[in-house]
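Accompanying notes for the structure given below.
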Amino acid sequence: MILVSACLLNHPVRYKGDGNPCPLLLALLAKGKGEEILSFCPEVSGGLPTPRPPAEIKGGSGADVLLGKAKVVNKEGQDVTTAFVEGAQKCAQLCKEKGITVAILKQRSPSCGSKAIYDGTFSGKTIAGKGVTAALLTSLGIKVYGEEDLTPELLDKLL
């Protein structure tokens, strides 16, 4: 079983209240592979509403947030760090309970980005780094991929 960002399966959990469907993952569901995929949104699980103001990490990356060295702030200036950390912790607990060792997460998200995240200025610029959930899962030995890493061959290997 693999964990997948709920938005990639077109669940309406993004900050705008929509999904961000990944055709390769939706094709797996259409082929009846749904039992091998566990859908999860750390931001909603952490208590954030949908829709909600967009948020970015200010002062570092997801690992820095987990260490208390950076914060997650929404576009209105509200500190939403606690919700992001709680969502990441719930995700990690679920992975532990289900024996999940692989996750496919939404790239550039302040929760799920596995290689790049937005830079905290709400300007659309990205920096290298992981989101809060991706950083926590990686620290626990869970292999994290972004949807842009996916190929049919990789998915066959993972499932």
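Letters for chains follow the order of the structure tokens (A, B, ...), residue numbers begin at 1 for each chain, and ligand numbers begin at 1 in the order shown.
Near Ser139 in chain A, within 12 Å and counting only C-alpha atoms, sit Gly62, Ala63, Leu66, Ala88, Gln89, Ala92, Thr101, Lys130, Val132, Thr133, Ala134, Ala135, Lys143 and Val144 of chain A, not including residues fewer than 4 positions from it in the same chain.
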* Asked: Could you name the residues that touch range 68-85 of chain A at 7 Å or less, counting only C-alpha atoms, but leaving out those on the same chain fewer than 6 positions away, as a list in words?
  ->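 Non-adjacent residues within range: Pro42, Glu43, Gly46, Gly47, Leu48, Pro53, Pro54, Ala55, Glu56, Ile57, Lys58, Gly59, Gly60, Ser111 and Val132 of chain A.
For Leu155 in chain A, the non-local neighbours within 9 Å, defined as residues at least 6 positions apart in the same chain or in other chains and counting only C-alpha atoms, are A:Leu24, A:Leu25, A:Leu28.
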* To do: Once DSSP has gone over the backbone, tell me which residues of chain A are in alpha helix (DSSP H), as a PyMOL selection string.
  => chain A and resi 23-30+42-45+62-66+81-98+132-139+152-158
* Can you work out which one of A:Lys125, A:Lys157, A:Lys96, A:Lys106 has the shortest atom-to-atom distance to Arg14 in chain A, counting only C-alpha atoms? => A:Lys106
* **Contacts of Ala116 in chain A within 10 Å, only C-alpha atoms, excl. fewer than 4 positions in-chain, as a ChimeraX atom specification** => /A:61,107-110,112,125-131,146
Export of the given selection (C-alpha atoms) as a PDB file, in the first residue's frame:
ATOM      1  CA  SER A  61      11.866  24.278   4.860  1.00  0.00           C
ATOM      2  CA  GLN A 107       5.167  18.800  -5.312  1.00  0.00           C
ATOM      3  CA  ARG A 108       5.718  22.400  -4.130  1.00  0.00           C
ATOM      4  CA  SER A 109       3.116  22.120  -1.354  1.00  0.00           C
ATOM      5  CA  PRO A 110       4.164  23.448   2.083  1.00  0.00           C
ATOM      6  CA  CYS A 112       3.887  17.649   0.684  1.00  0.00           C
ATOM      7  CA  LYS A 125       9.091  31.398  -6.696  1.00  0.00           C
ATOM      8  CA  THR A 126      10.284  28.031  -5.445  1.00  0.00           C
ATOM      9  CA  ILE A 127      13.290  26.856  -3.466  1.00  0.00           C
ATOM     10  CA  ALA A 128      14.798  23.428  -2.968  1.00  0.00           C
ATOM     11  CA  GLY A 129      13.356  21.755   0.102  1.00  0.00           C
ATOM     12  CA  LYS A 130      10.641  19.546   1.504  1.00  0.00           C
ATOM     13  CA  GLY A 131       7.285  20.431   2.985  1.00  0.00           C
ATOM     14  CA  GLY A 146       6.413  13.853  -6.070  1.00  0.00           C
TER      15      GLY A 146
END
* Would you work out the distance separating CA of Val4 in chain A from CA of Phe122 in chain A, expressed in Å to one decimal? => 25.3 Å
* Looking at A:Ile142, A:Leu150, A:Gly17, A:Phe40, which one is nearest to Gly99 in chain A, with distances taken over only C-alpha atoms? -> A:Ile142
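Between CA of Thr50 in chain A and CA of Gly120 in chain A the interatomic distance comes to 20.5 Å.
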* To do: Run DSSP on the backbone and grab whatever in range 27-105 of chain A lands in strand (DSSP E or B); send it over as a ChimeraX atom specification.
  => /A:37-40,55-58,71-74,79,102-105
Given the selection you just returned, output its residues as a file containing N, CA, C and O atoms, formatted as a tab-separated table (two decimals), in the first residue's frame.
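Generated output (selection-v6.tsv):
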chain	number	residue	atom	x	y	z
A	37	ILE	N	-3.96	1.98	-2.57
A	37	ILE	CA	-3.69	3.40	-2.41
A	37	ILE	C	-4.46	3.93	-1.21
A	37	ILE	O	-5.66	3.71	-1.08
A	38	LEU	N	-3.76	4.64	-0.32
A	38	LEU	CA	-4.39	5.29	0.82
A	38	LEU	C	-4.30	6.80	0.60
A	38	LEU	O	-3.21	7.37	0.53
A	39	SER	N	-5.44	7.43	0.47
A	39	SER	CA	-5.54	8.87	0.22
A	39	SER	C	-5.46	9.63	1.55
A	39	SER	O	-6.09	9.23	2.53
A	40	PHE	N	-4.69	10.73	1.57
A	40	PHE	CA	-4.54	11.50	2.80
A	40	PHE	C	-4.19	12.95	2.48
A	40	PHE	O	-3.38	13.21	1.60
A	55	ALA	N	-0.91	28.98	1.95
A	55	ALA	CA	0.12	29.09	2.98
A	55	ALA	C	1.47	28.72	2.40
A	55	ALA	O	1.55	27.93	1.44
A	56	GLU	N	2.52	29.28	2.96
A	56	GLU	CA	3.89	28.97	2.57
A	56	GLU	C	4.77	28.95	3.81
A	56	GLU	O	4.42	29.55	4.83
A	57	ILE	N	5.89	28.27	3.70
A	57	ILE	CA	6.85	28.21	4.79
A	57	ILE	C	7.73	29.46	4.73
A	57	ILE	O	8.30	29.76	3.68
A	58	LYS	N	7.84	30.14	5.84
A	58	LYS	CA	8.70	31.32	5.94
A	58	LYS	C	9.89	30.98	6.82
A	58	LYS	O	9.73	30.48	7.93
A	71	LYS	N	8.29	28.89	10.26
A	71	LYS	CA	6.84	28.85	10.47
A	71	LYS	C	6.12	28.69	9.14
A	71	LYS	O	6.64	29.06	8.09
A	72	VAL	N	4.90	28.20	9.22
A	72	VAL	CA	4.00	28.18	8.07
A	72	VAL	C	3.00	29.30	8.30
A	72	VAL	O	2.34	29.35	9.34
A	73	VAL	N	2.92	30.21	7.33
A	73	VAL	CA	2.07	31.38	7.45
A	73	VAL	C	1.18	31.45	6.22
A	73	VAL	O	1.64	31.20	5.10
A	74	ASN	N	-0.10	31.80	6.43
A	74	ASN	CA	-0.96	31.94	5.26
A	74	ASN	C	-0.86	33.35	4.69
A	74	ASN	O	-0.22	34.23	5.28
A	79	ASP	N	-0.36	32.56	11.43
A	79	ASP	CA	0.54	31.43	11.67
A	79	ASP	C	-0.29	30.15	11.72
A	79	ASP	O	-1.15	29.99	12.60
A	102	VAL	N	6.10	3.96	1.33
A	102	VAL	CA	6.21	4.81	0.14
A	102	VAL	C	5.04	5.79	0.12
A	102	VAL	O	3.90	5.41	0.39
A	103	ALA	N	5.36	7.04	-0.23
A	103	ALA	CA	4.32	8.06	-0.36
A	103	ALA	C	4.53	8.83	-1.66
A	103	ALA	O	5.66	9.09	-2.06
A	104	ILE	N	3.42	9.19	-2.30
A	104	ILE	CA	3.44	10.05	-3.48
A	104	ILE	C	2.70	11.32	-3.08
A	104	ILE	O	1.51	11.29	-2.79
A	105	LEU	N	3.46	12.43	-3.03
A	105	LEU	CA	2.93	13.67	-2.50
A	105	LEU	C	2.99	14.79	-3.52
A	105	LEU	O	3.79	14.76	-4.46
* **Between CA of Tyr145 in chain A and CA of His11 in chain A - distance in Å to one decimal** => 18.9 Å
Show me, as a PDB file with N, CA, C and O atoms, in the first residue's frame, the residues that have an atom within 8 Å of Asn10 in chain A when counting only C-alpha atoms, minus same-chain residues fewer than 6 positions from it.
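So the final result, stored in around-v2.pdb, reads:
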ATOM      1  N   ASP A  18     -10.385  22.707  -4.564  1.00  0.00           N
ATOM      2  CA  ASP A  18     -10.440  21.786  -5.694  1.00  0.00           C
ATOM      3  C   ASP A  18      -9.402  20.683  -5.509  1.00  0.00           C
ATOM      4  O   ASP A  18      -8.740  20.608  -4.485  1.00  0.00           O
ATOM      5  N   GLY A  19      -9.303  19.823  -6.503  1.00  0.00           N
ATOM      6  CA  GLY A  19      -8.284  18.788  -6.521  1.00  0.00           C
ATOM      7  C   GLY A  19      -7.191  19.178  -7.501  1.00  0.00           C
ATOM      8  O   GLY A  19      -7.271  20.215  -8.160  1.00  0.00           O
ATOM      9  N   ASN A  20      -6.175  18.357  -7.574  1.00  0.00           N
ATOM     10  CA  ASN A  20      -5.086  18.562  -8.518  1.00  0.00           C
ATOM     11  C   ASN A  20      -4.767  17.191  -9.120  1.00  0.00           C
ATOM     12  O   ASN A  20      -3.767  16.579  -8.784  1.00  0.00           O
ATOM     13  N   PRO A  21      -5.676  16.680  -9.968  1.00  0.00           N
ATOM     14  CA  PRO A  21      -5.610  15.279 -10.392  1.00  0.00           C
ATOM     15  C   PRO A  21      -4.343  14.918 -11.147  1.00  0.00           C
ATOM     16  O   PRO A  21      -3.868  15.666 -11.992  1.00  0.00           O
ATOM     17  N   CYS A  22      -3.825  13.755 -10.802  1.00  0.00           N
ATOM     18  CA  CYS A  22      -2.670  13.172 -11.488  1.00  0.00           C
ATOM     19  C   CYS A  22      -3.198  12.050 -12.383  1.00  0.00           C
ATOM     20  O   CYS A  22      -3.694  11.037 -11.883  1.00  0.00           O
TER      21      CYS A  22
END
